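One structure below.
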Amino acid sequence: MKRILKLVIIGFITVILLLISGCRNKLKNVENSDLEHQDLKYSDTEYSDKYIGEVSKNVYVNKMFQIKLNGKVHNMYVIGREEIEGMEEYSDTDSTQTGKDKRNYINDMEAMDKSDAHRYVSIKIYRETEEKGMEKHIEAELQKQKKEYEGYDNNEVKLSTAILVDKEVQSIDIRLNGGGIEYAESILYTKVDDYFIEIKVEGKDSKDIQEVLSMFVAPDYEEYVEPKYIFDLDENVKFSVGEIENGIYTNKMLNLKVDGKANDLRFSNDEEIKDKFGYNDSDRADIESVKEVLNKGDYFVDMHATTPDNKVAIAVFVYRSDYDLNTFLEKELNKLKKDFDGRKKTIELFGEEVPGIEFEKIYYYETSTIELAFIKRGEYITVISSGGEYSSAPKDGFKLFEVLDNQVEFDSDEITDSSESINENDESMKIGDNDFKFSIGEINNGIYTNKMFGIRFDEKSLGMKIKSREEENNRFYSTDEKKWDIDEVLELLESGDRFVDMRADIENGGILVVMIKKEDMLKDLDSYINRQVVVFKDRYDMNGTYAEVKKDEAEFLGETGPYIIIHIKKYGQSLYKRVVYLKVGNYIAEIYAFAGDELSAKQMIDTISKIEE
């Protein structure tokens, strides 16, 4: 609160040095030109090096005063004298002086919590003089603090004591809690010979102060350093799903833990998860059924939890993929770019910076900010989702995850088994490269044909009229520069978008559309359709539109297969949308019929027929 911590970031290829300057704005403007400093070097008082601390590799140690702060263990940025003195800008209105433009202290260390900007620490070393010793300094500092905060409601500035490395020391405690301001600061003092140390700790409340003070230990104290969490592991691991026992979620394969009891979370059961994220045939108790779902390219939702007020939601999605982590992330990003303005973001998880994705879902009643972090375990990729209604919700959600035990159980048989299973279940893989060639549809004399999907449509059916394909795609993608040849279409599909292969309108307002999409992940059409049910529900929910979305089966092109029927009610009117799907290789044809009633929508779908051989 006394000074606004300024981070000076210098980028290196592999190392980022974050320098924290000593400039934090006051709660109120205090003009005192006599306290401005020109001299950035040590004071004219002579200091012995043995009373001065050192910062090395983010760890501060002062052997004479018997204190240590390990920034690596406690997720702090820690900088020493050289960095503080080297700042281009410096202002300190808190010091005492032996003379004008001189200071009788040394800035020994500053530190800031990486995950909580409220938490800040500074250490100054003073040498007692004839004019002022530690007791006089404390009294002068107390009066200055009382004067500074006297205009604030519910302020408390008092002499007190605090515990520093198991020793009781003098302190000045400052607490503000009123007028929308919540702030805490404690200034601790301890003396060795004719030197004394001043430790200022700032936070949002007294709990912050106590937690920061507990980080100080004796120099010879060996603190446990958590091994780095492994985010990208090529070696194969033993597959397992998570468990929830006594309100605590754990997953051994991922080394993850979430304590729902301590954090007051509500975990969704498996039926609620399937209703929210899409149905599949997985059964958590049957590990082979989960593997079978993953082998089809679908994901398994291992966990979903929310806070009681639903302000924060977290989830764990498990995929099986042959892609490396970066390629997988790019493909997921393509899906989120158009609809949700998805973008890459570096996410902090377990004290490490990992690549991720950030996007927003804008509902008619709120906006949800969501971030995704990616973990690879052999052939399995896990996406951790965290988000909520306020901007820092993702960060708060990621804090709920803990490392379980940092033990990775390898399984050399896992890849072989899964590869064989995939080849057995993936129908699209049976189409050899030599037998399959991508193509878009052709429109001649009012007749649309697509040889790749083997379908045909005659605009004379139901008195419909085929629209210009170029105009429809240019309108859909707000461009007039493309002719939509094969190369341009493939580029569009690779980016995750859809191509309008045909649109036909009927005079009564009905519309029939054939769209092509590339799907690299899902190898099973039924899984894709299950996923689309959830996509449609979420899309209409975002718009505040009532829509009943359900999956059913009916005959299409001489075979019984799944379709989706959507009933939308808006402004007192009903709209029906019927969607059927075809799959060839990694390409899916989505055939939409829009009509005022369900029967008319079905009749339009039935105008699509097989190409006669």
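Each chain of the structure tokens is named A, B, ... in the order shown, its residues numbered from 1; ligands are numbered from 1 in display order.
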**Report entry** Which of region 300-466 of chain A DSSP labels strand (DSSP E or B), written as a PyMOL selection string
**Finding:** chain A and resi 300-306+312-320+343-349+352-362+367-377+380-388+401-403+410+442-444+447-450+455-458+464-466
Requested in this report: Could you please determine the separation between CA of Asp458 (chain A) and CA of Phe499 (chain A) in Å, to one decimal place?
Outcome: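 Between CA of Asp458 (chain A) and CA of Phe499 (chain A) the gap works out to 20.0 Å.
Using only C-alpha atoms, the protein and nucleic acid residues lying no more than 9 Å from Tyr390 (chain A), apart from those fewer than 2 places from it along its own chain, are Lys311, Val312, Thr367, Ser368, Thr369, Gly387, Gly388, Ser392, Ala393 and Pro394 of chain A.
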Requested in this report: Write out as a PyMOL selection string which residues come within 6 Å of Tyr576 (chain A) when counting only C-alpha atoms, dropping same-chain ones fewer than 3 positions away.
Outcome: chain A and resi 566-567+594-598
Query raised in the report: How many Å separate CA of Ala593 (chain A) from CA of Asp541 (chain A)?
Result: 20.8 Å
Taking the DSSP assignment computed from this structure's backbone, write out as a PDB file with all heavy atoms, in the first residue's frame all residues of region 517-604 of chain A that belong to alpha helix (DSSP H).
```pdb
ATOM      1  N   LEU A 525     -18.910 -41.419 -35.862  1.00  0.00           N
ATOM      2  CA  LEU A 525     -19.951 -40.448 -36.193  1.00  0.00           C
ATOM      3  C   LEU A 525     -20.949 -40.280 -35.055  1.00  0.00           C
ATOM      4  O   LEU A 525     -21.404 -39.178 -34.766  1.00  0.00           O
ATOM      5  CB  LEU A 525     -20.673 -40.867 -37.479  1.00  0.00           C
ATOM      6  CG  LEU A 525     -21.709 -39.869 -38.023  1.00  0.00           C
ATOM      7  CD1 LEU A 525     -21.062 -38.523 -38.315  1.00  0.00           C
ATOM      8  CD2 LEU A 525     -22.383 -40.426 -39.270  1.00  0.00           C
ATOM      9  N   ASP A 526     -21.310 -41.366 -34.403  1.00  0.00           N
ATOM     10  CA  ASP A 526     -22.280 -41.285 -33.317  1.00  0.00           C
ATOM     11  C   ASP A 526     -21.747 -40.420 -32.179  1.00  0.00           C
ATOM     12  O   ASP A 526     -22.487 -39.633 -31.584  1.00  0.00           O
ATOM     13  CB  ASP A 526     -22.616 -42.690 -32.809  1.00  0.00           C
ATOM     14  CG  ASP A 526     -23.899 -42.702 -31.994  1.00  0.00           C
ATOM     15  OD1 ASP A 526     -24.937 -42.240 -32.503  1.00  0.00           O
ATOM     16  OD2 ASP A 526     -23.856 -43.155 -30.830  1.00  0.00           O
ATOM     17  N   SER A 527     -20.440 -40.533 -31.888  1.00  0.00           N
ATOM     18  CA  SER A 527     -19.833 -39.690 -30.851  1.00  0.00           C
ATOM     19  C   SER A 527     -19.877 -38.220 -31.256  1.00  0.00           C
ATOM     20  O   SER A 527     -20.120 -37.337 -30.431  1.00  0.00           O
ATOM     21  CB  SER A 527     -18.379 -40.116 -30.608  1.00  0.00           C
ATOM     22  OG  SER A 527     -18.316 -41.453 -30.155  1.00  0.00           O
ATOM     23  N   TYR A 528     -19.647 -37.961 -32.541  1.00  0.00           N
ATOM     24  CA  TYR A 528     -19.699 -36.591 -33.044  1.00  0.00           C
ATOM     25  C   TYR A 528     -21.101 -36.003 -32.863  1.00  0.00           C
ATOM     26  O   TYR A 528     -21.260 -34.858 -32.435  1.00  0.00           O
ATOM     27  CB  TYR A 528     -19.306 -36.567 -34.525  1.00  0.00           C
ATOM     28  CG  TYR A 528     -19.337 -35.193 -35.148  1.00  0.00           C
ATOM     29  CD1 TYR A 528     -18.261 -34.329 -35.021  1.00  0.00           C
ATOM     30  CD2 TYR A 528     -20.464 -34.762 -35.864  1.00  0.00           C
ATOM     31  CE1 TYR A 528     -18.292 -33.062 -35.594  1.00  0.00           C
ATOM     32  CE2 TYR A 528     -20.496 -33.492 -36.441  1.00  0.00           C
ATOM     33  CZ  TYR A 528     -19.414 -32.653 -36.303  1.00  0.00           C
ATOM     34  OH  TYR A 528     -19.452 -31.401 -36.864  1.00  0.00           O
ATOM     35  N   ILE A 529     -22.122 -36.801 -33.177  1.00  0.00           N
ATOM     36  CA  ILE A 529     -23.506 -36.317 -33.053  1.00  0.00           C
ATOM     37  C   ILE A 529     -23.852 -36.062 -31.583  1.00  0.00           C
ATOM     38  O   ILE A 529     -24.504 -35.063 -31.253  1.00  0.00           O
ATOM     39  CB  ILE A 529     -24.485 -37.327 -33.689  1.00  0.00           C
ATOM     40  CG1 ILE A 529     -24.210 -37.426 -35.197  1.00  0.00           C
ATOM     41  CG2 ILE A 529     -25.933 -36.920 -33.440  1.00  0.00           C
ATOM     42  CD1 ILE A 529     -24.989 -38.514 -35.905  1.00  0.00           C
ATOM     43  N   ASN A 530     -23.412 -36.943 -30.691  1.00  0.00           N
ATOM     44  CA  ASN A 530     -23.637 -36.720 -29.262  1.00  0.00           C
ATOM     45  C   ASN A 530     -23.036 -35.395 -28.815  1.00  0.00           C
ATOM     46  O   ASN A 530     -23.615 -34.656 -28.015  1.00  0.00           O
ATOM     47  CB  ASN A 530     -23.030 -37.858 -28.442  1.00  0.00           C
ATOM     48  CG  ASN A 530     -23.821 -39.145 -28.557  1.00  0.00           C
ATOM     49  OD1 ASN A 530     -25.016 -39.125 -28.852  1.00  0.00           O
ATOM     50  ND2 ASN A 530     -23.171 -40.271 -28.345  1.00  0.00           N
ATOM     51  N   ARG A 531     -21.850 -35.104 -29.325  1.00  0.00           N
ATOM     52  CA  ARG A 531     -21.182 -33.861 -28.979  1.00  0.00           C
ATOM     53  C   ARG A 531     -21.958 -32.653 -29.522  1.00  0.00           C
ATOM     54  O   ARG A 531     -22.023 -31.605 -28.887  1.00  0.00           O
ATOM     55  CB  ARG A 531     -19.763 -33.890 -29.551  1.00  0.00           C
ATOM     56  CG  ARG A 531     -18.840 -32.796 -29.058  1.00  0.00           C
ATOM     57  CD  ARG A 531     -18.151 -33.143 -27.757  1.00  0.00           C
ATOM     58  NE  ARG A 531     -17.317 -34.302 -27.848  1.00  0.00           N
ATOM     59  CZ  ARG A 531     -16.060 -34.307 -28.282  1.00  0.00           C
ATOM     60  NH1 ARG A 531     -15.522 -33.186 -28.708  1.00  0.00           N
ATOM     61  NH2 ARG A 531     -15.350 -35.410 -28.275  1.00  0.00           N
ATOM     62  N   GLN A 532     -22.527 -32.808 -30.720  1.00  0.00           N
ATOM     63  CA  GLN A 532     -23.270 -31.701 -31.324  1.00  0.00           C
ATOM     64  C   GLN A 532     -24.533 -31.354 -30.543  1.00  0.00           C
ATOM     65  O   GLN A 532     -24.958 -30.198 -30.515  1.00  0.00           O
ATOM     66  CB  GLN A 532     -23.627 -32.043 -32.779  1.00  0.00           C
ATOM     67  CG  GLN A 532     -22.437 -32.089 -33.717  1.00  0.00           C
ATOM     68  CD  GLN A 532     -21.676 -30.783 -33.727  1.00  0.00           C
ATOM     69  OE1 GLN A 532     -22.212 -29.735 -34.077  1.00  0.00           O
ATOM     70  NE2 GLN A 532     -20.411 -30.832 -33.337  1.00  0.00           N
ATOM     71  N   VAL A 533     -25.131 -32.341 -29.910  1.00  0.00           N
ATOM     72  CA  VAL A 533     -26.313 -32.072 -29.078  1.00  0.00           C
ATOM     73  C   VAL A 533     -25.965 -31.049 -28.003  1.00  0.00           C
ATOM     74  O   VAL A 533     -26.695 -30.074 -27.777  1.00  0.00           O
ATOM     75  CB  VAL A 533     -26.842 -33.379 -28.442  1.00  0.00           C
ATOM     76  CG1 VAL A 533     -27.920 -33.058 -27.406  1.00  0.00           C
ATOM     77  CG2 VAL A 533     -27.389 -34.312 -29.510  1.00  0.00           C
ATOM     78  N   VAL A 534     -24.813 -31.240 -27.367  1.00  0.00           N
ATOM     79  CA  VAL A 534     -24.371 -30.317 -26.315  1.00  0.00           C
ATOM     80  C   VAL A 534     -24.036 -28.953 -26.899  1.00  0.00           C
ATOM     81  O   VAL A 534     -24.357 -27.908 -26.316  1.00  0.00           O
ATOM     82  CB  VAL A 534     -23.150 -30.909 -25.581  1.00  0.00           C
ATOM     83  CG1 VAL A 534     -22.625 -29.919 -24.553  1.00  0.00           C
ATOM     84  CG2 VAL A 534     -23.517 -32.219 -24.913  1.00  0.00           C
ATOM     85  N   VAL A 535     -23.387 -28.943 -28.072  1.00  0.00           N
ATOM     86  CA  VAL A 535     -23.027 -27.680 -28.722  1.00  0.00           C
ATOM     87  C   VAL A 535     -24.273 -26.854 -29.018  1.00  0.00           C
ATOM     88  O   VAL A 535     -24.314 -25.643 -28.756  1.00  0.00           O
ATOM     89  CB  VAL A 535     -22.239 -27.945 -30.019  1.00  0.00           C
ATOM     90  CG1 VAL A 535     -22.080 -26.656 -30.827  1.00  0.00           C
ATOM     91  CG2 VAL A 535     -20.874 -28.543 -29.703  1.00  0.00           C
ATOM     92  N   PHE A 536     -25.301 -27.502 -29.565  1.00  0.00           N
ATOM     93  CA  PHE A 536     -26.543 -26.784 -29.881  1.00  0.00           C
ATOM     94  C   PHE A 536     -27.197 -26.238 -28.611  1.00  0.00           C
ATOM     95  O   PHE A 536     -27.640 -25.082 -28.572  1.00  0.00           O
ATOM     96  CB  PHE A 536     -27.520 -27.707 -30.615  1.00  0.00           C
ATOM     97  CG  PHE A 536     -27.193 -27.927 -32.066  1.00  0.00           C
ATOM     98  CD1 PHE A 536     -27.112 -29.208 -32.586  1.00  0.00           C
ATOM     99  CD2 PHE A 536     -26.970 -26.862 -32.919  1.00  0.00           C
ATOM    100  CE1 PHE A 536     -26.805 -29.426 -33.924  1.00  0.00           C
ATOM    101  CE2 PHE A 536     -26.663 -27.057 -34.256  1.00  0.00           C
ATOM    102  CZ  PHE A 536     -26.582 -28.346 -34.764  1.00  0.00           C
ATOM    103  N   LYS A 537     -27.278 -27.057 -27.580  1.00  0.00           N
ATOM    104  CA  LYS A 537     -27.905 -26.619 -26.326  1.00  0.00           C
ATOM    105  C   LYS A 537     -27.193 -25.387 -25.780  1.00  0.00           C
ATOM    106  O   LYS A 537     -27.826 -24.412 -25.370  1.00  0.00           O
ATOM    107  CB  LYS A 537     -27.871 -27.748 -25.295  1.00  0.00           C
ATOM    108  CG  LYS A 537     -28.862 -28.859 -25.535  1.00  0.00           C
ATOM    109  CD  LYS A 537     -28.758 -29.910 -24.433  1.00  0.00           C
ATOM    110  CE  LYS A 537     -29.777 -31.024 -24.623  1.00  0.00           C
ATOM    111  NZ  LYS A 537     -29.662 -32.058 -23.562  1.00  0.00           N
ATOM    112  N   ASP A 538     -25.876 -25.446 -25.761  1.00  0.00           N
ATOM    113  CA  ASP A 538     -25.097 -24.336 -25.216  1.00  0.00           C
ATOM    114  C   ASP A 538     -25.250 -23.078 -26.055  1.00  0.00           C
ATOM    115  O   ASP A 538     -25.364 -21.967 -25.535  1.00  0.00           O
ATOM    116  CB  ASP A 538     -23.622 -24.746 -25.133  1.00  0.00           C
ATOM    117  CG  ASP A 538     -22.792 -23.765 -24.332  1.00  0.00           C
ATOM    118  OD1 ASP A 538     -23.203 -23.414 -23.222  1.00  0.00           O
ATOM    119  OD2 ASP A 538     -21.733 -23.346 -24.823  1.00  0.00           O
ATOM    120  N   ARG A 539     -25.277 -23.250 -27.367  1.00  0.00           N
ATOM    121  CA  ARG A 539     -25.389 -22.099 -28.263  1.00  0.00           C
ATOM    122  C   ARG A 539     -26.707 -21.355 -28.054  1.00  0.00           C
ATOM    123  O   ARG A 539     -26.738 -20.122 -27.978  1.00  0.00           O
ATOM    124  CB  ARG A 539     -25.254 -22.564 -29.709  1.00  0.00           C
ATOM    125  CG  ARG A 539     -25.223 -21.438 -30.729  1.00  0.00           C
ATOM    126  CD  ARG A 539     -24.947 -21.997 -32.102  1.00  0.00           C
ATOM    127  NE  ARG A 539     -23.671 -22.682 -32.178  1.00  0.00           N
ATOM    128  CZ  ARG A 539     -23.323 -23.530 -33.140  1.00  0.00           C
ATOM    129  NH1 ARG A 539     -24.193 -23.805 -34.108  1.00  0.00           N
ATOM    130  NH2 ARG A 539     -22.137 -24.088 -33.142  1.00  0.00           N
ATOM    131  N   TYR A 540     -27.802 -22.094 -27.941  1.00  0.00           N
ATOM    132  CA  TYR A 540     -29.098 -21.440 -27.743  1.00  0.00           C
ATOM    133  C   TYR A 540     -29.204 -20.856 -26.340  1.00  0.00           C
ATOM    134  O   TYR A 540     -29.824 -19.809 -26.129  1.00  0.00           O
ATOM    135  CB  TYR A 540     -30.235 -22.425 -28.013  1.00  0.00           C
ATOM    136  CG  TYR A 540     -30.378 -22.761 -29.481  1.00  0.00           C
ATOM    137  CD1 TYR A 540     -30.154 -24.054 -29.950  1.00  0.00           C
ATOM    138  CD2 TYR A 540     -30.716 -21.781 -30.411  1.00  0.00           C
ATOM    139  CE1 TYR A 540     -30.267 -24.360 -31.302  1.00  0.00           C
ATOM    140  CE2 TYR A 540     -30.820 -22.072 -31.756  1.00  0.00           C
ATOM    141  CZ  TYR A 540     -30.594 -23.368 -32.193  1.00  0.00           C
ATOM    142  OH  TYR A 540     -30.690 -23.656 -33.540  1.00  0.00           O
ATOM    143  N   ASP A 541     -28.578 -21.531 -25.373  1.00  0.00           N
ATOM    144  CA  ASP A 541     -28.580 -21.005 -24.014  1.00  0.00           C
ATOM    145  C   ASP A 541     -27.844 -19.673 -23.950  1.00  0.00           C
ATOM    146  O   ASP A 541     -28.257 -18.743 -23.246  1.00  0.00           O
ATOM    147  CB  ASP A 541     -27.923 -22.020 -23.075  1.00  0.00           C
ATOM    148  CG  ASP A 541     -28.097 -21.644 -21.606  1.00  0.00           C
ATOM    149  OD1 ASP A 541     -29.128 -21.009 -21.284  1.00  0.00           O
ATOM    150  OD2 ASP A 541     -27.230 -21.979 -20.793  1.00  0.00           O
ATOM    151  N   MET A 542     -26.734 -19.566 -24.687  1.00  0.00           N
ATOM    152  CA  MET A 542     -25.975 -18.318 -24.726  1.00  0.00           C
ATOM    153  C   MET A 542     -26.821 -17.176 -25.277  1.00  0.00           C
ATOM    154  O   MET A 542     -26.696 -16.033 -24.833  1.00  0.00           O
ATOM    155  CB  MET A 542     -24.709 -18.501 -25.567  1.00  0.00           C
ATOM    156  CG  MET A 542     -23.658 -19.384 -24.926  1.00  0.00           C
ATOM    157  SD  MET A 542     -22.266 -19.732 -26.035  1.00  0.00           S
ATOM    158  CE  MET A 542     -21.583 -18.088 -26.231  1.00  0.00           C
ATOM    159  N   ASN A 543     -27.659 -17.484 -26.242  1.00  0.00           N
ATOM    160  CA  ASN A 543     -28.505 -16.457 -26.865  1.00  0.00           C
ATOM    161  C   ASN A 543     -29.779 -16.174 -26.080  1.00  0.00           C
ATOM    162  O   ASN A 543     -30.561 -15.292 -26.452  1.00  0.00           O
ATOM    163  CB  ASN A 543     -28.885 -16.882 -28.288  1.00  0.00           C
ATOM    164  CG  ASN A 543     -27.693 -16.931 -29.208  1.00  0.00           C
ATOM    165  OD1 ASN A 543     -26.716 -16.220 -29.001  1.00  0.00           O
ATOM    166  ND2 ASN A 543     -27.751 -17.781 -30.219  1.00  0.00           N
ATOM    167  N   GLU A 598     -42.125 -29.751 -37.894  1.00  0.00           N
ATOM    168  CA  GLU A 598     -41.192 -30.879 -37.934  1.00  0.00           C
ATOM    169  C   GLU A 598     -41.362 -31.707 -39.206  1.00  0.00           C
ATOM    170  O   GLU A 598     -40.378 -32.179 -39.789  1.00  0.00           O
ATOM    171  CB  GLU A 598     -41.401 -31.762 -36.697  1.00  0.00           C
ATOM    172  CG  GLU A 598     -40.372 -32.863 -36.552  1.00  0.00           C
ATOM    173  CD  GLU A 598     -40.467 -33.587 -35.227  1.00  0.00           C
ATOM    174  OE1 GLU A 598     -41.332 -33.220 -34.395  1.00  0.00           O
ATOM    175  OE2 GLU A 598     -39.689 -34.534 -35.019  1.00  0.00           O
ATOM    176  N   LEU A 599     -42.613 -31.870 -39.659  1.00  0.00           N
ATOM    177  CA  LEU A 599     -42.865 -32.673 -40.861  1.00  0.00           C
ATOM    178  C   LEU A 599     -42.217 -32.040 -42.088  1.00  0.00           C
ATOM    179  O   LEU A 599     -41.589 -32.735 -42.909  1.00  0.00           O
ATOM    180  CB  LEU A 599     -44.371 -32.835 -41.081  1.00  0.00           C
ATOM    181  CG  LEU A 599     -44.777 -33.606 -42.349  1.00  0.00           C
ATOM    182  CD1 LEU A 599     -44.206 -35.026 -42.321  1.00  0.00           C
ATOM    183  CD2 LEU A 599     -46.302 -33.634 -42.498  1.00  0.00           C
ATOM    184  N   SER A 600     -42.345 -30.717 -42.219  1.00  0.00           N
ATOM    185  CA  SER A 600     -41.753 -30.032 -43.370  1.00  0.00           C
ATOM    186  C   SER A 600     -40.235 -30.163 -43.357  1.00  0.00           C
ATOM    187  O   SER A 600     -39.599 -30.317 -44.415  1.00  0.00           O
ATOM    188  CB  SER A 600     -42.147 -28.558 -43.366  1.00  0.00           C
ATOM    189  OG  SER A 600     -43.544 -28.403 -43.518  1.00  0.00           O
ATOM    190  N   ALA A 601     -39.640 -30.110 -42.174  1.00  0.00           N
ATOM    191  CA  ALA A 601     -38.189 -30.273 -42.068  1.00  0.00           C
ATOM    192  C   ALA A 601     -37.777 -31.657 -42.533  1.00  0.00           C
ATOM    193  O   ALA A 601     -36.779 -31.826 -43.251  1.00  0.00           O
ATOM    194  CB  ALA A 601     -37.739 -30.015 -40.633  1.00  0.00           C
ATOM    195  N   LYS A 602     -38.551 -32.676 -42.142  1.00  0.00           N
ATOM    196  CA  LYS A 602     -38.247 -34.048 -42.568  1.00  0.00           C
ATOM    197  C   LYS A 602     -38.392 -34.198 -44.083  1.00  0.00           C
ATOM    198  O   LYS A 602     -37.576 -34.856 -44.742  1.00  0.00           O
ATOM    199  CB  LYS A 602     -39.155 -35.037 -41.847  1.00  0.00           C
ATOM    200  CG  LYS A 602     -38.891 -36.495 -42.222  1.00  0.00           C
ATOM    201  CD  LYS A 602     -39.839 -37.429 -41.515  1.00  0.00           C
ATOM    202  CE  LYS A 602     -39.519 -38.890 -41.843  1.00  0.00           C
ATOM    203  NZ  LYS A 602     -39.530 -39.165 -43.291  1.00  0.00           N
ATOM    204  N   GLN A 603     -39.426 -33.590 -44.631  1.00  0.00           N
ATOM    205  CA  GLN A 603     -39.651 -33.698 -46.074  1.00  0.00           C
ATOM    206  C   GLN A 603     -38.482 -33.095 -46.862  1.00  0.00           C
ATOM    207  O   GLN A 603     -38.094 -33.619 -47.895  1.00  0.00           O
ATOM    208  CB  GLN A 603     -40.965 -33.012 -46.449  1.00  0.00           C
ATOM    209  CG  GLN A 603     -42.202 -33.779 -45.998  1.00  0.00           C
ATOM    210  CD  GLN A 603     -43.491 -33.008 -46.251  1.00  0.00           C
ATOM    211  OE1 GLN A 603     -43.479 -31.780 -46.425  1.00  0.00           O
ATOM    212  NE2 GLN A 603     -44.619 -33.720 -46.275  1.00  0.00           N
ATOM    213  N   MET A 604     -37.942 -32.008 -46.376  1.00  0.00           N
ATOM    214  CA  MET A 604     -36.794 -31.414 -47.064  1.00  0.00           C
ATOM    215  C   MET A 604     -35.569 -32.324 -46.977  1.00  0.00           C
ATOM    216  O   MET A 604     -34.835 -32.486 -47.954  1.00  0.00           O
ATOM    217  CB  MET A 604     -36.482 -30.037 -46.472  1.00  0.00           C
ATOM    218  CG  MET A 604     -37.416 -28.944 -46.974  1.00  0.00           C
ATOM    219  SD  MET A 604     -36.828 -27.282 -46.591  1.00  0.00           S
ATOM    220  CE  MET A 604     -37.151 -27.222 -44.850  1.00  0.00           C
TER     221      MET A 604
END
```
Report task. Please measure the separation of CA of Ser122 (chain A) and CA of Ser186 (chain A), giving the value in Å to one decimal. Result -> 11.0 Å
Query raised in the report: Which residue out of A:Tyr149, A:Phe231, A:Phe401, A:Tyr195 has the minimum interatomic distance to Ile125 (chain A) when only C-alpha atoms are used?
Result: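 Checking each candidate against Ile125 (chain A), we get A:Tyr195 as the closest.
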